[in-house]
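A.B. asks: Dropping a structure here in structure tokens format, bear with me for questions.
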Number of protein chains: 2
Amino acid sequence: MINARQLEVLCAVIELGTTAKAAEMLAVSQPAVSNMIRHVETLAGFALFERERGRLTPTPEARHIAQEAQHLFMQQRRVASIIEELRGGTTGRLSIVATPSIGQRILPQVIAQFLESRPKLNVSLDLGHTDQIANRLVSGQAELGLSISQPRHSALTVRPIAKAQLLCVCPEGHELALSRVVRIEALNHARHISYSSETPLGQMIDGAFSRRGLERRYFFEVRHTMAALELVANGVGVALVDTFALAGRDLAGMALRPIDPVMDLQAHSATSKLFPTSNVALQFQSFFSQYVAEHLQMIPSSPDNPI
Amino acid sequence: MINARQLEVLCAVIELGTTAKAAEMLAVSQPAVSNMIRHVETLAGFALFERERGRLTPTPEARHIAQEAQHLFMQQRRVASIIEELRGGTTGRLSIVATPSIGQRILPQVIAQFLESRPKLNVSLDLGHTDQIANRLVSGQAELGLSISQPRHSALTVRPIAKAQLLCVCPEGHELALSRVVRIEALNHARHISYSSETPLGQMIDGAFSRRGLERRYFFEVRHTMAALELVANGVGVALVDTFALAGRDLAGMALRPIDPVMDLQAHSATSKLFPTSNVALQFQSFFSQYVAEHLQMIPSSPDNPI
DNA sequence: AGAGTCCATAAGTTGAGGTTATCGAGGTGA
DNA sequence: TCACCTCGATAACCTCAACTTATGGACTCT
């Protein structure tokens, strides 16, 4: 069967009219072109050029083939450019599942930024709790999982990807806003909106309270920081909210205070060991880390509270 | 740049799962496949397979490339099949110019037959007198010319392609129909429809008359045999008509008689020396010759009237 | 433990596609 | 008409991508 190189030479001769000019354009010698043309003619089984008075004149058949070959060249260039783009991570498909804490606020921002230099990239974003993330990853339905708590699954590769902190958010003018730092004990005497003890965040905060010999008290139970934040924004009470939920949000009417003790969160990324991870996914992991490190301000951890 | 063979191997491995099966399908050895895959990976600049526990698992990037490559293969097969068809003359373009004598009746029949085994063929048919045929051929606007009289042009290749004869056509029951053979002298005493002396046919008939020491007489002058035939069909008179015009026509109400002397016509085909002639055009020439020889019955020429 | 499967590596072969050198045919201008 | 140019064809040789065979090490399954 005829190959692309042969068609390339054929087209060059038809276009430029002589073997010598075609050879020059193709950066090969004139006999190479001459031989190739003859070879293609034997492959095709009929003459592609008429030789008279030392000149080559393409036959209608040759012109017809050359025209069709253009589509082949186009497709060839297309494949080459796709490979190029896949190398640069500017094309392909990136499918992410994230917990709402990350997926609702910070992740769309990071993705938007990531897409600015990759307009052809195809993205899929889904939310789910940690177990669902693990399921979707091992079943190959998603490629990259992002969550605060580490998904536990033998077929997953989990690694820390970004840090965040819990801050205290209260309505502007609230009594807690009067102090520069909010001690967690104070929350027990305020209208405290907090997290179910089943949630990782709830357990973490419980731990901080119990380390001070206290028990966490709250009048409003939610599961996600975004929900708590919205309640605070509407003046319902005060809450501890992570910086992922705060990222880029308009905080008009609210006051933000560091807390004592500092509580650090570690976001994790997970990929399946059962499927190879795409280039884009790897790139996105680094991008996410870097973006968070640059855009989320952190309060230094106290020595007694390492991550 | 990546080539089709490399993509072919890549796709085979992705599709069949192992290098050994891919090698079998491609009819090459397993190391050939293994090396090719590694080579393509270095070309692409990123991994296409993940190697673990002695198995290859395609990356999302590899799958993406393989999918795009399918279009390339399709285009490649398309070019190959077009070449195949061009060899068989079942595709391409055939543009013909013919004089009305040939183009109005016999040619459409032959073309229809020719197309039966070449459904993809693109045909163009145009009518014109001999000078116009020559013009269109040397200007490259048409590829094949068909006419009775030979076009005279130094850039044309003209060759005889088919024979026809003049016959006498008269209304059924006409007195000329009473004789088995119509002697041309008899036409001078009938309502004779004939051809302008400027036309090749008129000159030819004039010659036959003068060889018998007579002058042709006619009451109705036309330029084409088709016109004469229609007039006879409507009972206007009698005429000498060539067998090309009669081919396949319903002769109800008309009588057909051989004439004395027998007058043979030679159809000619012409192609331009300035452009190569396509395969289909050459095939059509033979096809036309053969069709006419098989379908037009001829009366043997008398020895004194060679063509 | 042994057989069977997988992929990788090493070393050698082959042929498509290239090279240089040279030829003769044909056109062209002094 | 002769020198000079450009064209394509041919011959003889070269090179490397794409193969080969032979083999080895990793892993799985019975």
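Following the order of the structure tokens, first chain is A, next is B, and so on, with residues numbered from 1 inside each chain and ligands from 1 in the order they appear.
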Based on DSSP run over this structure's backbone, return all residues of segment 49-113 of chain B in helix (DSSP H, G or I), as number ranges by chain.

C.D. replies: B: 60-88, 100-103, 106-113

A.B. asks: Quick one: write out the picked residues with N, CA and C atoms as a short mmCIF file (atom, residue, chain, number, x, y, z; two decimals), in the first residue's frame?

C.D. replies:
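Output (result_38.cif):
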data_model
loop_
_atom_site.label_atom_id
_atom_site.label_comp_id
_atom_site.auth_asym_id
_atom_site.auth_seq_id
_atom_site.Cartn_x
_atom_site.Cartn_y
_atom_site.Cartn_z
N PRO B 60 -3.89 7.37 29.48
CA PRO B 60 -4.97 8.12 28.80
C PRO B 60 -4.47 8.80 27.54
N GLU B 61 -3.24 9.31 27.58
CA GLU B 61 -2.69 9.98 26.40
C GLU B 61 -2.61 9.02 25.22
N ALA B 62 -2.13 7.81 25.49
CA ALA B 62 -2.00 6.83 24.41
C ALA B 62 -3.36 6.52 23.80
N ARG B 63 -4.36 6.38 24.65
CA ARG B 63 -5.70 6.11 24.15
C ARG B 63 -6.20 7.25 23.26
N HIS B 64 -5.91 8.45 23.73
CA HIS B 64 -6.32 9.63 22.96
C HIS B 64 -5.67 9.62 21.57
N ILE B 65 -4.39 9.35 21.53
CA ILE B 65 -3.68 9.32 20.25
C ILE B 65 -4.24 8.22 19.36
N ALA B 66 -4.47 7.05 19.96
CA ALA B 66 -4.97 5.91 19.18
C ALA B 66 -6.31 6.23 18.55
N GLN B 67 -7.13 6.94 19.30
CA GLN B 67 -8.45 7.28 18.77
C GLN B 67 -8.32 8.21 17.57
N GLU B 68 -7.46 9.20 17.70
CA GLU B 68 -7.27 10.14 16.60
C GLU B 68 -6.65 9.44 15.40
N ALA B 69 -5.79 8.46 15.67
CA ALA B 69 -5.11 7.76 14.58
C ALA B 69 -6.10 7.01 13.69
N GLN B 70 -7.22 6.63 14.24
CA GLN B 70 -8.21 5.91 13.43
C GLN B 70 -8.59 6.71 12.19
N HIS B 71 -8.74 8.01 12.37
CA HIS B 71 -9.10 8.87 11.23
C HIS B 71 -8.00 8.85 10.17
N LEU B 72 -6.76 8.82 10.66
CA LEU B 72 -5.65 8.78 9.73
C LEU B 72 -5.70 7.49 8.91
N PHE B 73 -5.96 6.37 9.58
CA PHE B 73 -6.02 5.09 8.88
C PHE B 73 -7.14 5.10 7.85
N MET B 74 -8.25 5.70 8.23
CA MET B 74 -9.38 5.75 7.32
C MET B 74 -8.99 6.51 6.05
N GLN B 75 -8.33 7.64 6.24
CA GLN B 75 -7.93 8.46 5.11
C GLN B 75 -6.93 7.72 4.23
N GLN B 76 -6.07 6.96 4.91
CA GLN B 76 -5.06 6.18 4.19
C GLN B 76 -5.74 5.10 3.32
N ARG B 77 -6.71 4.44 3.90
CA ARG B 77 -7.44 3.42 3.14
C ARG B 77 -8.19 4.07 1.97
N ARG B 78 -8.68 5.27 2.23
CA ARG B 78 -9.42 5.99 1.20
C ARG B 78 -8.54 6.27 -0.01
N VAL B 79 -7.34 6.78 0.25
CA VAL B 79 -6.41 7.06 -0.84
C VAL B 79 -6.09 5.77 -1.58
N ALA B 80 -5.85 4.70 -0.83
CA ALA B 80 -5.52 3.42 -1.46
C ALA B 80 -6.66 2.95 -2.36
N SER B 81 -7.88 3.11 -1.89
CA SER B 81 -9.00 2.61 -2.69
C SER B 81 -9.21 3.48 -3.92
N ILE B 82 -8.91 4.76 -3.79
CA ILE B 82 -9.03 5.64 -4.96
C ILE B 82 -8.02 5.25 -6.02
N ILE B 83 -6.81 4.93 -5.58
CA ILE B 83 -5.80 4.49 -6.54
C ILE B 83 -6.26 3.21 -7.23
N GLU B 84 -6.80 2.33 -6.41
CA GLU B 84 -7.34 1.06 -6.94
C GLU B 84 -8.39 1.34 -8.02
N GLU B 85 -9.28 2.27 -7.70
CA GLU B 85 -10.37 2.57 -8.63
C GLU B 85 -9.87 3.30 -9.87
N LEU B 86 -8.86 4.14 -9.68
CA LEU B 86 -8.32 4.85 -10.84
C LEU B 86 -7.68 3.85 -11.79
N ARG B 87 -7.05 2.82 -11.22
CA ARG B 87 -6.45 1.79 -12.06
C ARG B 87 -7.54 1.10 -12.88
N GLY B 88 -8.64 0.77 -12.23
CA GLY B 88 -9.74 0.10 -12.92
C GLY B 88 -10.60 1.04 -13.72
N PRO B 100 -22.89 16.74 -32.70
CA PRO B 100 -24.26 16.29 -32.43
C PRO B 100 -24.55 14.92 -33.05
N SER B 101 -23.99 14.66 -34.25
CA SER B 101 -24.26 13.38 -34.92
C SER B 101 -23.95 12.19 -34.01
N ILE B 102 -22.86 12.29 -33.26
CA ILE B 102 -22.49 11.20 -32.36
C ILE B 102 -23.08 11.43 -30.98
N GLY B 103 -23.03 12.70 -30.54
CA GLY B 103 -23.35 13.02 -29.15
C GLY B 103 -24.82 12.93 -28.78
N ILE B 106 -26.02 7.97 -30.15
CA ILE B 106 -25.23 6.78 -29.82
C ILE B 106 -24.42 6.99 -28.54
N LEU B 107 -23.84 8.21 -28.38
CA LEU B 107 -22.94 8.44 -27.25
C LEU B 107 -23.62 8.28 -25.89
N PRO B 108 -24.80 8.87 -25.68
CA PRO B 108 -25.46 8.66 -24.38
C PRO B 108 -25.68 7.19 -24.08
N GLN B 109 -26.00 6.42 -25.12
CA GLN B 109 -26.20 4.98 -24.90
C GLN B 109 -24.91 4.31 -24.45
N VAL B 110 -23.81 4.65 -25.16
CA VAL B 110 -22.53 4.03 -24.81
C VAL B 110 -22.11 4.45 -23.40
N ILE B 111 -22.29 5.73 -23.10
CA ILE B 111 -21.89 6.23 -21.77
C ILE B 111 -22.69 5.52 -20.68
N ALA B 112 -23.97 5.37 -20.91
CA ALA B 112 -24.82 4.71 -19.92
C ALA B 112 -24.30 3.31 -19.64
N GLN B 113 -23.95 2.62 -20.72
CA GLN B 113 -23.43 1.26 -20.57
C GLN B 113 -22.09 1.27 -19.83
#

A.B. asks: Kindly provide the residues of chain A that approach chain D to within 12 Å, each paired with its closest atom pair and their distance in Å to one decimal, based on only C-alpha atoms (C1' of nucleotides), listed by chain and increasing number, as a tab-separated table.

C.D. replies:
residue	atom	partner	partner_atom	distance
A:Gly17	CA	D:DC7	C1'	11.0
A:Thr18	CA	D:DC7	C1'	8.0
A:Thr19	CA	D:DG8	C1'	7.6
A:Ala20	CA	D:DC7	C1'	8.3
A:Lys21	CA	D:DC7	C1'	10.9
A:Gln30	CA	D:DG8	C1'	8.8
A:Pro31	CA	D:DA9	C1'	8.1
A:Ala32	CA	D:DA9	C1'	11.2
A:Val33	CA	D:DG8	C1'	10.2
A:Ser34	CA	D:DG8	C1'	7.3
A:Asn35	CA	D:DA9	C1'	8.8
A:Ile37	CA	D:DG8	C1'	11.2
A:Arg38	CA	D:DA9	C1'	10.3
A:Phe49	CA	D:DG8	C1'	11.8
A:Glu50	CA	D:DG8	C1'	11.7
A:Arg51	CA	D:DG8	C1'	8.7
A:Glu52	CA	D:DG8	C1'	10.0
A:Arg53	CA	D:DC7	C1'	8.7
A:Gly54	CA	D:DC7	C1'	5.6
A:Arg55	CA	D:DC7	C1'	6.4
A:Leu56	CA	D:DG8	C1'	8.1
A:Thr57	CA	D:DG8	C1'	11.9

A.B. asks: Would you save the residues of that selection, restricted to N, CA and C atoms, as a tab-separated table (two decimals), in the first residue's frame?

C.D. replies:
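again_3.tsv written:
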chain	number	residue	atom	x	y	z
A	17	GLY	N	6.27	21.15	-10.45
A	17	GLY	CA	6.45	20.96	-11.88
A	17	GLY	C	7.68	20.18	-12.31
A	18	THR	N	8.76	20.22	-11.54
A	18	THR	CA	9.96	19.48	-11.94
A	18	THR	C	10.49	18.68	-10.75
A	19	THR	N	11.21	17.61	-11.06
A	19	THR	CA	11.77	16.79	-9.99
A	19	THR	C	12.83	17.58	-9.22
A	20	ALA	N	13.56	18.42	-9.92
A	20	ALA	CA	14.65	19.16	-9.26
A	20	ALA	C	14.09	20.11	-8.20
A	21	LYS	N	13.02	20.84	-8.54
A	21	LYS	CA	12.45	21.78	-7.58
A	21	LYS	C	11.81	21.03	-6.41
A	30	GLN	N	17.78	15.03	-6.45
A	30	GLN	CA	16.85	14.87	-7.58
A	30	GLN	C	16.63	13.40	-7.94
A	31	PRO	N	17.68	12.55	-7.97
A	31	PRO	CA	17.41	11.14	-8.30
A	31	PRO	C	16.49	10.46	-7.30
A	32	ALA	N	16.54	10.88	-6.04
A	32	ALA	CA	15.66	10.29	-5.04
A	32	ALA	C	14.21	10.51	-5.45
A	33	VAL	N	13.92	11.72	-5.89
A	33	VAL	CA	12.55	12.04	-6.31
A	33	VAL	C	12.19	11.25	-7.57
A	34	SER	N	13.12	11.24	-8.50
A	34	SER	CA	12.88	10.55	-9.77
A	34	SER	C	12.56	9.07	-9.52
A	35	ASN	N	13.38	8.44	-8.69
A	35	ASN	CA	13.16	7.03	-8.39
A	35	ASN	C	11.83	6.81	-7.68
A	37	ILE	N	9.11	8.52	-7.81
A	37	ILE	CA	7.97	8.66	-8.73
A	37	ILE	C	7.79	7.37	-9.53
A	38	ARG	N	8.89	6.86	-10.03
A	38	ARG	CA	8.79	5.62	-10.80
A	38	ARG	C	8.29	4.48	-9.92
A	49	PHE	N	2.75	10.28	-14.69
A	49	PHE	CA	3.28	11.42	-15.45
A	49	PHE	C	3.52	10.97	-16.88
A	50	GLU	N	3.40	11.94	-17.76
A	50	GLU	CA	3.75	11.66	-19.14
A	50	GLU	C	5.12	12.29	-19.36
A	51	ARG	N	6.03	11.51	-19.90
A	51	ARG	CA	7.38	12.03	-20.16
A	51	ARG	C	7.46	12.40	-21.63
A	52	GLU	N	7.68	13.67	-21.89
A	52	GLU	CA	7.93	14.04	-23.28
A	52	GLU	C	8.84	15.25	-23.33
A	53	ARG	N	9.75	15.17	-24.25
A	53	ARG	CA	10.77	16.21	-24.41
A	53	ARG	C	11.44	16.50	-23.07
A	54	GLY	N	11.73	15.44	-22.34
A	54	GLY	CA	12.47	15.60	-21.10
A	54	GLY	C	11.72	16.31	-19.99
A	55	ARG	N	10.37	16.36	-20.08
A	55	ARG	CA	9.57	16.99	-19.02
A	55	ARG	C	8.56	16.01	-18.47
A	56	LEU	N	8.14	16.25	-17.25
A	56	LEU	CA	7.10	15.44	-16.65
A	56	LEU	C	5.79	16.23	-16.63
A	57	THR	N	4.74	15.63	-17.12
A	57	THR	CA	3.42	16.26	-17.04
A	57	THR	C	2.49	15.33	-16.28

A.B. asks: Would you mind reading off the distance between atom CA of Arg249 of chain A and atom CA of Leu166 of chain A, one decimal, in Å?

C.D. replies: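 For atom CA of Arg249 of chain A relative to atom CA of Leu166 of chain A, the distance reads 15.2 Å.
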
A.B. asks: List as a list in words the protein and nucleic acid residues near Leu231 of chain B, meaning an atom at most 10 Å away when only C-alpha atoms (C1' of nucleotides) are counted, but skip any in the same chain fewer than 4 places from it.

C.D. replies: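 My reading of the contact set: Cys170, Pro171, Ile193, Phe220, Val222, Thr225, Met226, Ala227, Gly235, Val236, Gly237, Val238 and Ala239 of chain B.
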
A.B. asks: Find the residue from A:Leu214, A:Leu178, A:Leu167, A:Leu121 that sits nearest to Met298 of chain A; use only C-alpha atoms when measuring.

C.D. replies: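 Residue with the minimum atom-to-atom distance to Met298 of chain A: A:Leu167.
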
A.B. asks: Once you count only C-alpha atoms (C1' of nucleotides), which residues of chain C turn out to be within 12 Å of chain B? Could you give them as a list in words?

C.D. replies: DT5, DC6, DC7, DA8, DT9 and DA10 of chain C

A.B. asks: Those same residues - all heavy atoms - I'd like them written as a tab-separated table (two decimals), in the first residue's frame.

C.D. replies:
chain	number	residue	atom	x	y	z
C	5	DT	P	1.03	-19.93	27.42
C	5	DT	OP1	-0.33	-20.07	26.88
C	5	DT	OP2	2.22	-20.31	26.62
C	5	DT	O5'	1.22	-18.43	27.88
C	5	DT	C5'	0.30	-17.85	28.80
C	5	DT	C4'	0.91	-16.59	29.36
C	5	DT	O4'	2.10	-16.95	30.10
C	5	DT	C3'	1.41	-15.63	28.29
C	5	DT	O3'	0.45	-14.62	28.05
C	5	DT	C2'	2.66	-15.01	28.92
C	5	DT	C1'	2.88	-15.79	30.18
C	5	DT	N1	4.31	-16.17	30.36
C	5	DT	C2	5.04	-15.48	31.27
C	5	DT	O2	4.60	-14.56	31.94
C	5	DT	N3	6.36	-15.88	31.38
C	5	DT	C4	6.97	-16.90	30.67
C	5	DT	O4	8.15	-17.16	30.86
C	5	DT	C5	6.13	-17.58	29.73
C	5	DT	C7	6.69	-18.68	28.90
C	5	DT	C6	4.85	-17.19	29.61
C	6	DC	P	0.71	-13.57	26.88
C	6	DC	OP1	-0.60	-12.94	26.65
C	6	DC	OP2	1.47	-14.22	25.80
C	6	DC	O5'	1.69	-12.48	27.55
C	6	DC	C5'	1.21	-11.66	28.60
C	6	DC	C4'	2.37	-10.96	29.26
C	6	DC	O4'	3.31	-11.95	29.73
C	6	DC	C3'	3.24	-10.12	28.32
C	6	DC	O3'	2.70	-8.83	28.20
C	6	DC	C2'	4.56	-10.06	29.06
C	6	DC	C1'	4.58	-11.34	29.88
C	6	DC	N1	5.62	-12.31	29.43
C	6	DC	C2	6.89	-12.26	30.01
C	6	DC	O2	7.11	-11.39	30.88
C	6	DC	N3	7.84	-13.14	29.62
C	6	DC	C4	7.55	-14.05	28.68
C	6	DC	N4	8.51	-14.90	28.34
C	6	DC	C5	6.26	-14.12	28.07
C	6	DC	C6	5.34	-13.24	28.46
C	7	DC	P	3.20	-7.91	27.00
C	7	DC	OP1	2.25	-6.78	26.96
C	7	DC	OP2	3.38	-8.77	25.83
C	7	DC	O5'	4.62	-7.38	27.44
C	7	DC	C5'	4.78	-6.65	28.66
C	7	DC	C4'	6.24	-6.39	28.92
C	7	DC	O4'	6.93	-7.68	29.01
C	7	DC	C3'	6.97	-5.59	27.83
C	7	DC	O3'	7.69	-4.55	28.46
C	7	DC	C2'	7.87	-6.61	27.15
C	7	DC	C1'	8.12	-7.63	28.26
C	7	DC	N1	8.39	-9.00	27.73
C	7	DC	C2	9.59	-9.63	28.05
C	7	DC	O2	10.41	-9.06	28.78
C	7	DC	N3	9.84	-10.88	27.55
C	7	DC	C4	8.93	-11.47	26.77
C	7	DC	N4	9.21	-12.70	26.31
C	7	DC	C5	7.70	-10.85	26.44
C	7	DC	C6	7.47	-9.62	26.93
C	8	DA	P	8.67	-3.62	27.61
C	8	DA	OP1	8.71	-2.33	28.31
C	8	DA	OP2	8.30	-3.69	26.19
C	8	DA	O5'	10.06	-4.35	27.83
C	8	DA	C5'	10.53	-4.55	29.15
C	8	DA	C4'	12.02	-4.86	29.15
C	8	DA	O4'	12.22	-6.23	28.68
C	8	DA	C3'	12.86	-3.98	28.22
C	8	DA	O3'	14.06	-3.65	28.90
C	8	DA	C2'	13.11	-4.85	26.99
C	8	DA	C1'	13.07	-6.26	27.55
C	8	DA	N9	12.50	-7.27	26.64
C	8	DA	C8	11.31	-7.18	25.97
C	8	DA	N7	11.03	-8.24	25.23
C	8	DA	C5	12.12	-9.07	25.45
C	8	DA	C6	12.43	-10.36	24.96
C	8	DA	N6	11.64	-11.04	24.12
C	8	DA	N1	13.59	-10.92	25.35
C	8	DA	C2	14.36	-10.24	26.20
C	8	DA	N3	14.18	-9.03	26.74
C	8	DA	C4	13.03	-8.50	26.31
C	9	DT	P	15.12	-2.66	28.27
C	9	DT	OP1	15.75	-1.95	29.40
C	9	DT	OP2	14.46	-1.92	27.16
C	9	DT	O5'	16.21	-3.63	27.64
C	9	DT	C5'	16.82	-4.63	28.46
C	9	DT	C4'	17.68	-5.53	27.61
C	9	DT	O4'	16.83	-6.41	26.85
C	9	DT	C3'	18.57	-4.81	26.61
C	9	DT	O3'	19.92	-5.06	26.95
C	9	DT	C2'	18.19	-5.40	25.25
C	9	DT	C1'	17.52	-6.70	25.64
C	9	DT	N1	16.49	-7.23	24.71
C	9	DT	C2	16.66	-8.51	24.21
C	9	DT	O2	17.59	-9.23	24.48
C	9	DT	N3	15.65	-8.92	23.37
C	9	DT	C4	14.53	-8.21	22.99
C	9	DT	O4	13.71	-8.69	22.23
C	9	DT	C5	14.43	-6.88	23.54
C	9	DT	C7	13.27	-6.02	23.19
C	9	DT	C6	15.41	-6.46	24.37
C	10	DA	P	21.10	-4.32	26.16
C	10	DA	OP1	22.15	-4.02	27.16
C	10	DA	OP2	20.55	-3.23	25.31
C	10	DA	O5'	21.62	-5.48	25.21
C	10	DA	C5'	21.78	-6.80	25.72
C	10	DA	C4'	22.30	-7.71	24.62
C	10	DA	O4'	21.17	-8.24	23.87
C	10	DA	C3'	23.18	-7.00	23.59
C	10	DA	O3'	24.26	-7.87	23.23
C	10	DA	C2'	22.24	-6.75	22.41
C	10	DA	C1'	21.33	-7.96	22.49
C	10	DA	N9	19.99	-7.78	21.94
C	10	DA	C8	19.17	-6.69	22.08
C	10	DA	N7	18.02	-6.81	21.49
C	10	DA	C5	18.06	-8.07	20.90
C	10	DA	C6	17.15	-8.79	20.12
C	10	DA	N6	15.94	-8.32	19.78
C	10	DA	N1	17.52	-10.02	19.69
C	10	DA	C2	18.72	-10.48	20.04
C	10	DA	N3	19.67	-9.90	20.77
C	10	DA	C4	19.28	-8.68	21.17

A.B. asks: For chain A, which of B:Ala4, B:Ala190, B:Leu127, B:Ala270 is the closest residue, counting only C-alpha atoms?

C.D. replies: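 Residue with the minimum atom-to-atom distance to chain A: B:Ala4.
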
A.B. asks: Closest to chain B among A:Phe114, A:Tyr195, A:Phe219, A:Phe275, using only C-alpha atoms?

C.D. replies: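 Nearest to chain B: A:Phe275.
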
A.B. asks: Could you please write out, as a ChimeraX atom specification, every residue of segment 104-278 of chain B that DSSP assigns to strand (DSSP E)?

C.D. replies: /B:122-127,144-147,156-171,182-183,192-195,220-222,238-242,254-257,259-260,264-272

A.B. asks: So how far away is atom CA of Thr199 of chain B from atom CA of Thr271 of chain B, in Å?

C.D. replies: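 Value for the atom CA of Thr271 of chain B-atom CA of Thr199 of chain B distance: 22.3 Å.
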
A.B. asks: Please measure the separation of atom CA of Thr91 of chain B and atom CA of Phe284 of chain B, giving the value in Å to one decimal.

C.D. replies: 12.6 Å

A.B. asks: At a cut-off of 9 Å, using only C-alpha atoms (C1' of nucleotides), what residues contact Ser289 of chain B? Leave out same-chain residues fewer than 6 positions from it and give the result as a list of chain:residue names.

C.D. replies: B:Ile161, B:Ala162, B:Lys163

A.B. asks: Next, the residues of the selection above should be written as a PDB file, in the first residue's frame with C-alpha atoms.

C.D. replies:
ATOM      1  CA  ILE B 161     -12.673   4.798 -33.599  1.00  0.00           C
ATOM      2  CA  ALA B 162     -15.844   3.421 -35.200  1.00  0.00           C
ATOM      3  CA  LYS B 163     -17.565   2.907 -38.505  1.00  0.00           C
TER       4      LYS B 163
END

A.B. asks: Can you work out which one of B:Val280, B:Leu256, B:Leu265, B:Val97 has the shortest atom-to-atom distance to chain A, counting only C-alpha atoms?

C.D. replies: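 Closest to chain A, using only C-alpha atoms: B:Val280.
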